[in-house]
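What's in final-v1.cif: mmCIF, C-alpha atoms and all ligand atoms
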data_structure
loop_
_atom_site.label_atom_id
_atom_site.label_comp_id
_atom_site.auth_asym_id
_atom_site.auth_seq_id
_atom_site.Cartn_x
_atom_site.Cartn_y
_atom_site.Cartn_z
CA MET N 1 38.70 69.15 107.03
CA SER N 2 35.74 71.41 107.82
CA LEU N 3 33.41 72.66 105.10
CA LYS N 4 34.53 76.21 105.81
CA GLN N 5 38.18 75.22 105.36
CA ARG N 6 37.36 73.55 102.04
CA ILE N 7 35.68 76.77 100.86
CA ILE N 8 38.74 78.74 101.98
CA ASP N 9 41.03 76.32 100.10
CA GLU N 10 38.94 76.60 96.93
CA ILE N 11 39.10 80.41 97.09
CA SER N 12 42.86 80.30 97.82
CA SER N 13 43.51 78.26 94.70
CA LEU N 14 40.83 79.56 92.29
CA GLY N 15 40.07 83.06 93.58
CA PRO N 16 36.76 84.49 94.87
CA MET N 17 33.57 82.50 94.13
CA PRO N 18 30.13 83.78 93.06
CA PHE N 19 27.66 83.75 95.94
CA GLU N 20 25.59 80.99 94.32
CA ARG N 21 28.65 78.68 94.41
CA PHE N 22 29.09 79.47 98.12
CA MET N 23 25.40 78.77 98.75
CA GLU N 24 25.52 75.54 96.74
CA ILE N 25 28.40 74.19 98.85
CA SER N 26 27.02 75.50 102.16
CA LEU N 27 23.60 73.91 101.66
CA TYR N 28 24.06 70.89 99.39
CA ASP N 29 27.61 69.56 99.78
CA ASP N 30 27.86 66.23 101.68
CA GLU N 31 28.66 68.28 104.77
CA GLY N 32 26.27 71.07 103.81
CA PHE N 33 23.21 72.09 105.77
CA PHE N 34 20.85 69.85 103.76
CA GLY N 35 23.55 67.41 102.66
CA GLY N 36 24.15 65.44 105.82
CA GLU N 37 22.24 62.87 107.81
CA VAL N 38 20.31 65.44 109.85
CA LEU N 39 16.70 66.06 108.88
CA ARG N 40 16.25 69.84 108.81
CA SER N 41 12.59 70.38 108.05
CA GLU N 42 10.72 69.06 111.05
CA LYS N 43 9.16 70.53 114.14
CA GLY N 44 12.33 70.13 116.19
CA GLY N 45 14.52 71.40 113.33
CA ASP N 46 15.72 74.78 112.19
CA PHE N 47 12.63 76.31 110.65
CA LEU N 48 8.90 75.68 110.79
CA THR N 49 7.06 75.34 107.50
CA SER N 50 3.31 75.16 106.77
CA PRO N 51 3.17 71.35 106.44
CA GLU N 52 5.16 71.01 109.67
CA VAL N 53 2.71 73.35 111.44
CA SER N 54 -0.38 71.40 110.47
CA PRO N 55 -1.51 68.31 108.53
CA LEU N 56 -4.41 70.51 107.37
CA PHE N 57 -1.99 72.06 104.86
CA GLY N 58 -1.58 68.79 102.91
CA ASP N 59 -5.19 67.87 103.58
CA THR N 60 -6.40 71.16 102.05
CA LEU N 61 -4.05 70.93 99.05
CA ALA N 62 -5.50 67.46 98.38
CA ARG N 63 -8.62 69.28 97.16
CA TYR N 64 -6.54 71.22 94.69
CA VAL N 65 -4.94 68.01 93.38
CA GLU N 66 -8.42 66.46 93.01
CA MET N 67 -9.67 69.51 91.15
CA VAL N 68 -6.80 69.37 88.63
CA ARG N 69 -7.25 65.60 88.22
CA ALA N 70 -10.95 66.15 87.47
CA GLU N 71 -9.90 68.60 84.75
CA ILE N 72 -7.15 66.64 83.01
CA GLY N 73 -7.97 63.00 83.84
CA GLU N 74 -5.50 60.11 83.74
CA PRO N 75 -2.60 59.46 83.56
CA PHE N 76 -2.01 61.67 86.57
CA GLN N 77 0.87 62.01 89.01
CA LEU N 78 1.45 64.17 92.06
CA ILE N 79 5.08 65.22 92.42
CA GLU N 80 6.33 67.02 95.50
CA VAL N 81 9.74 68.65 95.06
CA ALA N 82 11.60 69.41 98.29
CA ALA N 83 9.27 67.06 100.14
CA GLY N 84 11.27 67.34 103.38
CA SER N 85 9.97 65.04 106.11
CA GLY N 86 6.85 64.12 104.11
CA SER N 87 4.58 66.23 106.27
CA LEU N 88 2.67 67.56 103.26
CA LEU N 89 2.38 64.27 101.39
CA ARG N 90 1.26 62.10 104.31
CA PRO N 91 -2.05 63.87 105.11
CA LEU N 92 -2.65 64.50 101.42
CA LEU N 93 -2.35 60.79 100.63
CA GLU N 94 -4.63 59.96 103.54
CA ARG N 95 -7.31 62.08 101.95
CA ILE N 96 -6.94 61.04 98.29
CA ASP N 97 -5.65 58.05 96.40
CA VAL N 98 -3.14 59.34 93.88
CA GLU N 99 0.17 58.16 92.45
CA ALA N 100 2.75 60.29 94.26
CA VAL N 101 6.46 60.86 93.92
CA ALA N 102 8.85 62.85 96.10
CA VAL N 103 11.94 64.64 94.77
CA GLU N 104 14.47 65.55 97.44
CA ALA N 105 18.09 66.71 97.60
CA SER N 106 18.62 65.84 101.28
CA PRO N 107 19.76 62.25 102.04
CA ALA N 108 18.10 62.36 105.48
CA ALA N 109 14.77 63.44 103.98
CA ARG N 110 15.03 60.85 101.18
CA LYS N 111 15.49 58.07 103.70
CA LEU N 112 12.39 59.09 105.62
CA LEU N 113 10.26 59.66 102.51
CA SER N 114 11.16 56.29 100.98
CA GLN N 115 9.27 54.63 103.84
CA PHE N 116 5.96 55.60 102.25
CA VAL N 117 6.44 57.05 98.77
CA SER N 118 8.72 56.62 95.74
CA VAL N 119 11.64 59.01 95.81
CA MET N 120 13.35 60.29 92.67
CA ASP N 121 16.59 62.17 92.05
CA ASP N 122 15.00 64.53 89.61
CA LEU N 123 11.68 65.35 88.01
CA PRO N 124 10.44 62.98 85.32
CA PHE N 125 11.06 64.20 81.78
CA ARG N 126 7.34 64.39 81.00
CA ILE N 127 4.74 65.22 83.62
CA ARG N 128 0.93 65.03 83.68
CA GLY N 129 -0.46 66.08 87.01
CA VAL N 130 0.45 68.45 89.81
CA VAL N 131 3.89 69.55 90.98
CA ILE N 132 4.09 71.14 94.43
CA ALA N 133 7.18 72.87 95.87
CA ASN N 134 6.78 74.37 99.33
CA GLU N 135 9.77 76.46 100.44
CA LEU N 136 12.07 75.16 97.70
CA VAL N 137 12.91 78.21 95.62
CA ASP N 138 14.03 80.36 98.57
CA ASN N 139 16.77 77.75 99.09
CA LEU N 140 17.99 77.53 95.50
CA PRO N 141 21.47 79.05 95.07
CA MET N 142 21.37 82.76 94.14
CA ALA N 143 23.84 85.43 93.11
CA LEU N 144 24.17 88.68 95.06
CA ALA N 145 24.33 92.17 93.60
CA GLN N 146 24.60 95.69 94.98
CA ARG N 147 23.77 99.06 93.42
CA VAL N 148 26.93 101.22 93.48
CA ASP N 149 27.25 104.66 91.84
CA GLY N 150 24.15 103.94 89.78
CA GLU N 151 25.60 100.67 88.39
CA TRP N 152 25.26 97.02 89.37
CA ARG N 153 28.21 95.19 90.99
CA GLU N 154 28.24 91.58 92.11
CA ARG N 155 29.20 90.50 95.60
CA TRP N 156 31.33 87.36 95.49
CA VAL N 157 32.90 85.48 98.39
CA GLY N 158 36.61 86.05 98.97
CA LEU N 159 39.17 85.99 101.75
CA ASP N 160 40.51 88.56 104.17
CA ASP N 161 43.31 86.67 105.96
CA SER N 162 41.40 83.52 106.82
CA SER N 163 37.96 85.11 107.10
CA LEU N 164 35.30 84.80 104.40
CA VAL N 165 34.21 88.24 103.21
CA PHE N 166 32.14 89.75 100.40
CA VAL N 167 34.33 91.09 97.61
CA ASP N 168 33.48 93.28 94.64
CA ALA N 169 33.14 91.65 91.19
CA PRO N 170 31.91 92.90 87.82
CA PRO N 171 28.37 91.67 87.10
CA ARG N 172 28.05 88.72 84.73
CA PRO N 173 25.77 89.27 81.69
CA GLN N 174 23.03 86.88 82.91
CA VAL N 175 23.01 88.68 86.28
CA VAL N 176 22.67 92.10 84.64
CA ASP N 177 19.84 90.82 82.42
CA TRP N 178 17.95 89.45 85.43
CA LEU N 179 18.47 92.66 87.41
CA GLN N 180 17.25 94.82 84.53
CA ASP N 181 14.17 92.68 84.04
CA TYR N 182 13.18 91.90 87.62
CA ALA N 183 14.93 93.95 90.32
CA GLY N 184 12.88 97.14 89.99
CA GLU N 185 14.08 100.65 90.91
CA VAL N 186 16.62 99.76 93.60
CA SER N 187 18.20 102.75 95.38
CA GLU N 188 21.91 103.43 95.77
CA GLY N 189 23.58 100.87 98.06
CA GLY N 190 20.68 98.40 97.75
CA TRP N 191 21.34 94.63 97.83
CA VAL N 192 19.48 92.20 95.57
CA GLU N 193 19.46 88.41 95.62
CA VAL N 194 19.55 87.38 91.96
CA GLN N 195 17.37 84.28 91.75
CA LEU N 196 18.42 82.86 88.42
CA ALA N 197 18.17 79.22 89.55
CA ALA N 198 14.59 79.68 90.77
CA ARG N 199 13.54 80.95 87.37
CA SER N 200 15.36 78.23 85.43
CA TRP N 201 13.94 75.55 87.74
CA LEU N 202 10.38 76.77 87.18
CA THR N 203 10.90 77.21 83.44
CA GLU N 204 12.12 73.63 83.20
CA VAL N 205 9.13 72.26 85.12
CA VAL N 206 6.72 74.20 82.89
CA GLU N 207 8.47 72.75 79.82
CA ARG N 208 8.14 69.21 81.17
CA LEU N 209 4.48 69.59 82.12
CA GLU N 210 2.19 68.27 79.38
CA ALA N 211 -0.94 69.10 81.35
CA GLY N 212 -1.67 69.99 84.94
CA ALA N 213 -0.41 72.59 87.38
CA ILE N 214 2.55 73.73 89.45
CA LEU N 215 2.27 75.32 92.89
CA VAL N 216 5.34 77.21 94.13
CA ILE N 217 4.70 78.26 97.71
CA ASP N 218 7.14 80.49 99.56
CA TYR N 219 7.82 83.70 101.42
CA GLY N 220 8.48 86.71 99.25
CA ASP N 221 6.67 89.32 97.24
CA SER N 222 6.73 91.30 94.01
CA ALA N 223 9.94 93.20 93.15
CA GLU N 224 8.09 96.45 93.84
CA ASN N 225 6.96 95.42 97.33
CA LEU N 226 10.44 94.14 98.16
CA LEU N 227 12.03 97.52 97.35
CA THR N 228 11.63 98.74 100.94
CA ARG N 229 13.81 95.82 102.09
CA ARG N 230 16.61 96.42 99.58
CA GLN N 231 18.83 98.64 101.75
CA ASP N 232 20.09 95.55 103.61
CA GLY N 233 18.65 92.95 101.22
CA THR N 234 16.66 89.93 102.39
CA LEU N 235 19.48 87.35 102.57
CA ARG N 236 19.53 85.68 105.99
CA THR N 237 20.23 82.46 107.86
CA TYR N 238 18.08 80.37 110.19
CA ARG N 239 19.04 78.01 112.92
CA ALA N 240 16.86 76.38 115.57
CA HIS N 241 13.82 78.47 114.57
CA HIS N 242 15.68 81.78 114.94
CA LEU N 243 17.60 84.13 112.70
CA GLY N 244 21.17 82.83 112.61
CA PRO N 245 24.65 84.33 112.11
CA HIS N 246 25.94 86.26 109.08
CA PRO N 247 25.63 84.02 105.96
CA LEU N 248 29.43 83.80 105.53
CA ASP N 249 30.21 82.93 109.15
CA GLU N 250 29.20 79.29 109.55
CA PRO N 251 28.74 77.61 106.15
CA GLY N 252 27.03 74.24 106.46
CA GLU N 253 25.72 75.01 109.94
CA THR N 254 22.77 77.22 109.00
CA ASP N 255 20.02 77.51 106.45
CA ILE N 256 20.68 80.29 103.90
CA THR N 257 17.64 81.87 102.34
CA ALA N 258 16.10 85.06 100.95
CA ASP N 259 12.64 86.34 100.09
CA VAL N 260 11.51 85.11 96.69
CA ASN N 261 11.09 87.82 94.07
CA PHE N 262 7.89 86.55 92.46
CA THR N 263 8.07 89.16 89.69
CA ALA N 264 10.84 87.00 88.21
CA LEU N 265 8.53 83.95 88.14
CA ILE N 266 5.11 85.34 87.31
CA ASP N 267 5.77 86.20 83.66
CA LEU N 268 5.56 82.55 82.60
CA PRO N 269 2.41 81.69 80.60
CA GLY N 270 -0.48 80.44 82.76
CA ALA N 271 0.97 81.83 86.01
CA THR N 272 -1.05 83.64 88.69
CA LEU N 273 -0.02 84.80 92.14
CA HIS N 274 -2.10 84.41 95.31
CA ARG N 275 -1.69 84.89 99.03
CA GLN N 276 -1.55 81.61 100.98
CA ASP N 277 -4.50 82.61 103.22
CA ASP N 278 -6.69 83.32 100.17
CA PHE N 279 -5.56 80.21 98.32
CA LEU N 280 -6.23 77.86 101.25
CA SER N 281 -9.52 79.62 102.09
CA HIS N 282 -10.69 79.12 98.52
CA LEU N 283 -9.95 75.41 98.96
CA GLY N 284 -12.12 75.28 102.10
CA LEU N 285 -9.72 75.82 105.01
CA ARG N 286 -11.61 78.81 106.42
CA HIS N 287 -14.81 76.79 106.32
CA ARG N 288 -12.99 73.97 108.14
CA LEU N 289 -11.83 76.50 110.74
CA ALA N 290 -15.41 77.62 111.35
CA GLU N 291 -16.37 73.96 111.86
CA LEU N 292 -13.52 73.50 114.32
CA ARG N 293 -14.69 76.56 116.30
CA ARG N 294 -18.20 75.10 116.47
CA ASP N 295 -16.85 71.68 117.48
CA GLU N 296 -14.75 73.27 120.22
CA LEU N 297 -17.80 75.04 121.64
CA GLU N 298 -19.78 71.84 121.44
CA ALA N 299 -17.07 69.92 123.31
CA ALA N 300 -16.95 72.67 125.95
CA ARG N 301 -20.74 72.50 126.39
CA SER N 302 -20.69 68.75 126.75
CA GLY N 303 -17.90 68.97 129.35
CA ASP N 304 -15.47 66.81 127.34
CA GLU N 305 -12.30 68.71 128.25
CA MET N 306 -9.85 66.33 126.52
CA GLU N 307 -11.80 66.57 123.28
CA ARG N 308 -12.07 70.37 123.61
CA LEU N 309 -8.28 70.67 124.01
CA ARG N 310 -7.63 68.37 121.07
CA ILE N 311 -9.92 70.38 118.79
CA ARG N 312 -8.47 73.63 120.08
CA ALA N 313 -4.92 72.51 119.12
CA VAL N 314 -6.07 71.61 115.58
CA LYS N 315 -7.91 74.94 115.34
CA THR N 316 -4.83 76.93 116.45
CA GLU N 317 -2.72 75.20 113.81
CA ALA N 318 -5.27 76.04 111.10
CA GLU N 319 -5.28 79.67 112.27
CA THR N 320 -1.48 79.71 112.01
CA LEU N 321 -1.65 78.60 108.35
CA LEU N 322 -4.00 81.51 107.64
CA HIS N 323 -2.36 84.18 109.81
CA PRO N 324 -2.31 87.34 107.64
CA ARG N 325 1.10 88.49 108.88
CA GLY N 326 2.61 85.00 109.14
CA LEU N 327 2.15 81.95 106.93
CA GLY N 328 -1.02 83.44 105.41
CA ASP N 329 1.18 86.17 103.91
CA PHE N 330 3.22 83.59 101.96
CA ARG N 331 2.68 83.57 98.21
CA VAL N 332 1.33 80.74 96.07
CA LEU N 333 2.42 80.91 92.47
CA GLU N 334 0.10 78.73 90.42
CA VAL N 335 0.95 77.77 86.84
CA ARG N 336 -1.77 76.01 84.84
CA VAL N 337 -0.88 74.12 81.70
CA GLY N 338 -3.39 72.65 79.25
CA TRP N 339 -6.61 73.58 81.11
CA ASN N 340 -8.12 76.66 82.68
CA ARG N 341 -11.48 76.54 84.34
CA GLY N 342 -11.01 79.84 86.16
CA ASN N 343 -11.39 78.36 89.64
C1 LIG N 401 13.02 74.61 103.69
S1 LIG N 401 13.04 72.92 103.31
C2 LIG N 401 11.34 72.66 102.94
C3 LIG N 401 10.90 71.24 103.13
C4 LIG N 401 9.39 71.00 102.99
N1 LIG N 401 8.91 71.35 101.68
C5 LIG N 401 8.61 71.75 104.03
O1 LIG N 401 7.89 72.69 103.66
O2 LIG N 401 8.71 71.40 105.21
C6 LIG N 401 13.82 72.93 101.75
C7 LIG N 401 14.02 71.56 101.18
O3 LIG N 401 14.37 71.68 99.80
C8 LIG N 401 15.21 70.60 99.48
N2 LIG N 401 15.84 70.92 98.19
C9 LIG N 401 16.66 71.95 97.91
N3 LIG N 401 17.01 71.95 96.61
C10 LIG N 401 16.37 70.90 96.04
C11 LIG N 401 16.29 70.40 94.73
N4 LIG N 401 16.94 70.97 93.72
N5 LIG N 401 15.54 69.29 94.51
C12 LIG N 401 14.86 68.71 95.50
N6 LIG N 401 14.88 69.17 96.78
C13 LIG N 401 15.62 70.24 97.06
C14 LIG N 401 16.14 70.57 100.67
O4 LIG N 401 16.83 69.34 100.76
C15 LIG N 401 15.15 70.78 101.81
O5 LIG N 401 14.64 69.55 102.30
#

File written out as structure tokens:
Amino acid sequence: MSLKQRIIDEISSLGPMPFERFMEISLYDDEGFFGGEVLRSEKGGDFLTSPEVSPLFGDTLARYVEMVRAEIGEPFQLIEVAAGSGSLLRPLLERIDVEAVAVEASPAARKLLSQFVSVMDDLPFRIRGVVIANELVDNLPMALAQRVDGEWRERWVGLDDSSLVFVDAPPRPQVVDWLQDYAGEVSEGGWVEVQLAARSWLTEVVERLEAGAILVIDYGDSAENLLTRRQDGTLRTYRAHHLGPHPLDEPGETDITADVNFTALIDLPGATLHRQDDFLSHLGLRHRLAELRRDELEAARSGDEMERLRIRAVKTEAETLLHPRGLGDFRVLEVRVGWNRGN
């Protein structure tokens, strides 16, 4: 039986489901988008992330890990949650020697990661070190709400004949609380993705962290800056590097994601928000880019065309990580626990 049919059967017997339940099944069920044997986060996959664009992403973040280790000392662990194909960890571990662990929900990714790093089901109960999550929280199941007649209503998933459709539902108390605290002044008709799971995930990591830092890297913005996108909301699907079909149309066949509302994450103690281009520049990536430009010129002068092309490819990838309207516009939420040098 297809995943879609199983969702239809569940709704037929239990009634409409909250959107986060639909997202949970669509992405993480055995037949879900991340649940199967297909590796999704790789260059040939469905979306292109910073570590898949360039090994310089992991290489640059290695400096951050070193900086935190210099501050808090041993014992020290690096934990990457949602480690995907390992494209962040591999170059990072080439640059520095650190005990590293990957946490992954996808069986395909776990298999690949276990070739070079220990893989865990969940975060350790106590953590000293750095936790990195690149493009995790935009994939965590979220509820959906719409502003109707000046009130909040939820949008659940129900049936119209045998088609999945959004249906109206009264908002649950935790959804209303989140909306009041973090949605901002949304106009009539506006759609909001209610990212309760992202907040509880981050809160739990902060609680487990004895000393060190967390980096949550993702697309998104403050609630205020997202207001202009609220008329249609930011919920969308991706497949094969392009925007995909309506989120209810092909469950299990597409990524389902939305812009992260960082206002709902930034009010934790020790948290600061940065742009990815600034964060990576501060760690030396812009300096590295200048070196690559010089090296490219040098190779051109010496007539070594193969070397010039190689350097040029590396340089283009670094530029992509810093592009102010692309990956550079991603946000890095940094949470420091137990130290604060002001770097
Ligand atoms: C968009 S991919 C990003 C992968 C990688 N970080 C990258 O940037 O290429 C999202 C990943 O999050 C993983 N994931 C989702 N929920 C998770 C969870 N609760 N714990 C660990 N991994 C999770 C998925 O399996 C998927 O591999």

Using only C-alpha atoms and all ligand atoms, which residues of chain N come within 6 Å of ligand LIG 401 (chain N), and what is the closest atom pair for each, with the distance in Å to one decimal? Give it as CSV, sorted by chain and residue number.
residue,atom,partner,partner_atom,distance
N:Phe34,CA,N:LIG401,O4,5.0
N:Ser41,CA,N:LIG401,O2,4.9
N:Thr49,CA,N:LIG401,O1,4.7
N:Pro51,CA,N:LIG401,O1,5.6
N:Glu52,CA,N:LIG401,O2,5.7
N:Val81,CA,N:LIG401,C12,5.1
N:Ala82,CA,N:LIG401,N6,3.6
N:Ala83,CA,N:LIG401,N1,4.6
N:Gly84,CA,N:LIG401,C3,3.9
N:Val103,CA,N:LIG401,C12,5.1
N:Glu104,CA,N:LIG401,N6,3.7
N:Ala105,CA,N:LIG401,N6,4.1
N:Ser106,CA,N:LIG401,O4,4.0
N:Asn134,CA,N:LIG401,N1,4.4
N:Glu135,CA,N:LIG401,C2,4.8
N:Leu136,CA,N:LIG401,O3,4.7
N:Asn139,CA,N:LIG401,C9,5.9
N:Leu140,CA,N:LIG401,N3,5.8

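Proximity ranking of N:Thr60, N:Thr203, N:Asn261, N:Ser187 relative to Thr228 of chain N places N:Ser187 first, based on only C-alpha atoms.
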
Would you pick out the contacts of segment 278-292 of chain N at 12 Å or less, using all atoms listed in the file, so that residues sharing its chain but fewer than 6 positions from it are not included, and give the list as an mmCIF file with C-alpha atoms, in the coordinates of the input?
data_model
loop_
_atom_site.group_PDB
_atom_site.id
_atom_site.type_symbol
_atom_site.label_atom_id
_atom_site.label_comp_id
_atom_site.auth_asym_id
_atom_site.auth_seq_id
_atom_site.Cartn_x
_atom_site.Cartn_y
_atom_site.Cartn_z
ATOM 1 C CA SER N 50 3.310 75.160 106.770
ATOM 2 C CA SER N 54 -0.380 71.400 110.470
ATOM 3 C CA PRO N 55 -1.510 68.310 108.530
ATOM 4 C CA LEU N 56 -4.410 70.510 107.370
ATOM 5 C CA PHE N 57 -1.990 72.060 104.860
ATOM 6 C CA GLY N 58 -1.580 68.790 102.910
ATOM 7 C CA ASP N 59 -5.190 67.870 103.580
ATOM 8 C CA THR N 60 -6.400 71.160 102.050
ATOM 9 C CA LEU N 61 -4.050 70.930 99.050
ATOM 10 C CA ALA N 62 -5.500 67.460 98.380
ATOM 11 C CA ARG N 63 -8.620 69.280 97.160
ATOM 12 C CA TYR N 64 -6.540 71.220 94.690
ATOM 13 C CA VAL N 65 -4.940 68.010 93.380
ATOM 14 C CA GLU N 66 -8.420 66.460 93.010
ATOM 15 C CA MET N 67 -9.670 69.510 91.150
ATOM 16 C CA LEU N 215 2.270 75.320 92.890
ATOM 17 C CA ILE N 217 4.700 78.260 97.710
ATOM 18 C CA THR N 272 -1.050 83.640 88.690
ATOM 19 C CA GLU N 298 -19.780 71.840 121.440
ATOM 20 C CA ALA N 299 -17.070 69.920 123.310
ATOM 21 C CA GLU N 307 -11.800 66.570 123.280
ATOM 22 C CA ARG N 308 -12.070 70.370 123.610
ATOM 23 C CA LEU N 309 -8.280 70.670 124.010
ATOM 24 C CA ARG N 310 -7.630 68.370 121.070
ATOM 25 C CA ILE N 311 -9.920 70.380 118.790
ATOM 26 C CA ARG N 312 -8.470 73.630 120.080
ATOM 27 C CA ALA N 313 -4.920 72.510 119.120
ATOM 28 C CA VAL N 314 -6.070 71.610 115.580
ATOM 29 C CA LYS N 315 -7.910 74.940 115.340
ATOM 30 C CA THR N 316 -4.830 76.930 116.450
ATOM 31 C CA GLU N 317 -2.720 75.200 113.810
ATOM 32 C CA ALA N 318 -5.270 76.040 111.100
ATOM 33 C CA GLU N 319 -5.280 79.670 112.270
ATOM 34 C CA THR N 320 -1.480 79.710 112.010
ATOM 35 C CA LEU N 321 -1.650 78.600 108.350
ATOM 36 C CA LEU N 322 -4.000 81.510 107.640
ATOM 37 C CA HIS N 323 -2.360 84.180 109.810
ATOM 38 C CA PRO N 324 -2.310 87.340 107.640
ATOM 39 C CA LEU N 327 2.150 81.950 106.930
ATOM 40 C CA GLY N 328 -1.020 83.440 105.410
ATOM 41 C CA ASP N 329 1.180 86.170 103.910
ATOM 42 C CA PHE N 330 3.220 83.590 101.960
ATOM 43 C CA ARG N 331 2.680 83.570 98.210
ATOM 44 C CA VAL N 332 1.330 80.740 96.070
ATOM 45 C CA LEU N 333 2.420 80.910 92.470
ATOM 46 C CA GLU N 334 0.100 78.730 90.420
ATOM 47 C CA ASN N 343 -11.390 78.360 89.640
#

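Among the candidate residues N:Asp161, N:Asp177, N:Asp267, N:Asp121, the one lying nearest to Ser12 of chain N is N:Asp161, with distances computed using only C-alpha atoms.
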
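Closest to Asp218 of chain N among N:Glu37, N:Asp295, N:Glu188, N:Asp138 is N:Asp138, based on only C-alpha atoms.
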
* Structure fact -> Separating atom CA of His242 of chain N from atom CA of Leu48 of chain N, to the nearest tenth of an Å, is a gap of 10.0 Å

* Selection near Gly158 of chain N, 7 Å with all atoms listed in the file, sequence-local residues under 4 positions removed, as a PyMOL selection string -> chain N and resi 11+16-17+164-167

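You can rank N:Ala240, N:Leu265, N:Leu273, N:Val260 by their closest distance to Leu202 of chain N using only C-alpha atoms, and at the top of that list sits N:Leu265.
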
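Between atom CA of Met23 of chain N and atom CA of Pro251 of chain N lies a distance of 8.2 Å.
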
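You can rank N:Gln146, N:Gln174, N:Ser26, N:Thr257 by their closest distance to Gln231 of chain N using all atoms listed in the file, and at the top of that list sits N:Gln146.
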
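Between atom CA of Val131 of chain N and atom CA of Asn340 of chain N there is a distance of 16.2 Å.
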
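When all atoms listed in the file are used to measure the gap to Gly252 of chain N, the shortest distance among N:Gly15, N:Asp9, N:Tyr28, N:Arg325 belongs to N:Tyr28.
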
* To do: Just the residues within 12 Å of Val206 of chain N, please, counting all atoms listed in the file, with nothing from its chain fewer than 3 positions along; format it as number ranges by chain.
  => N: 123, 125-131, 199-203, 209-216, 265, 268-271, 334-338
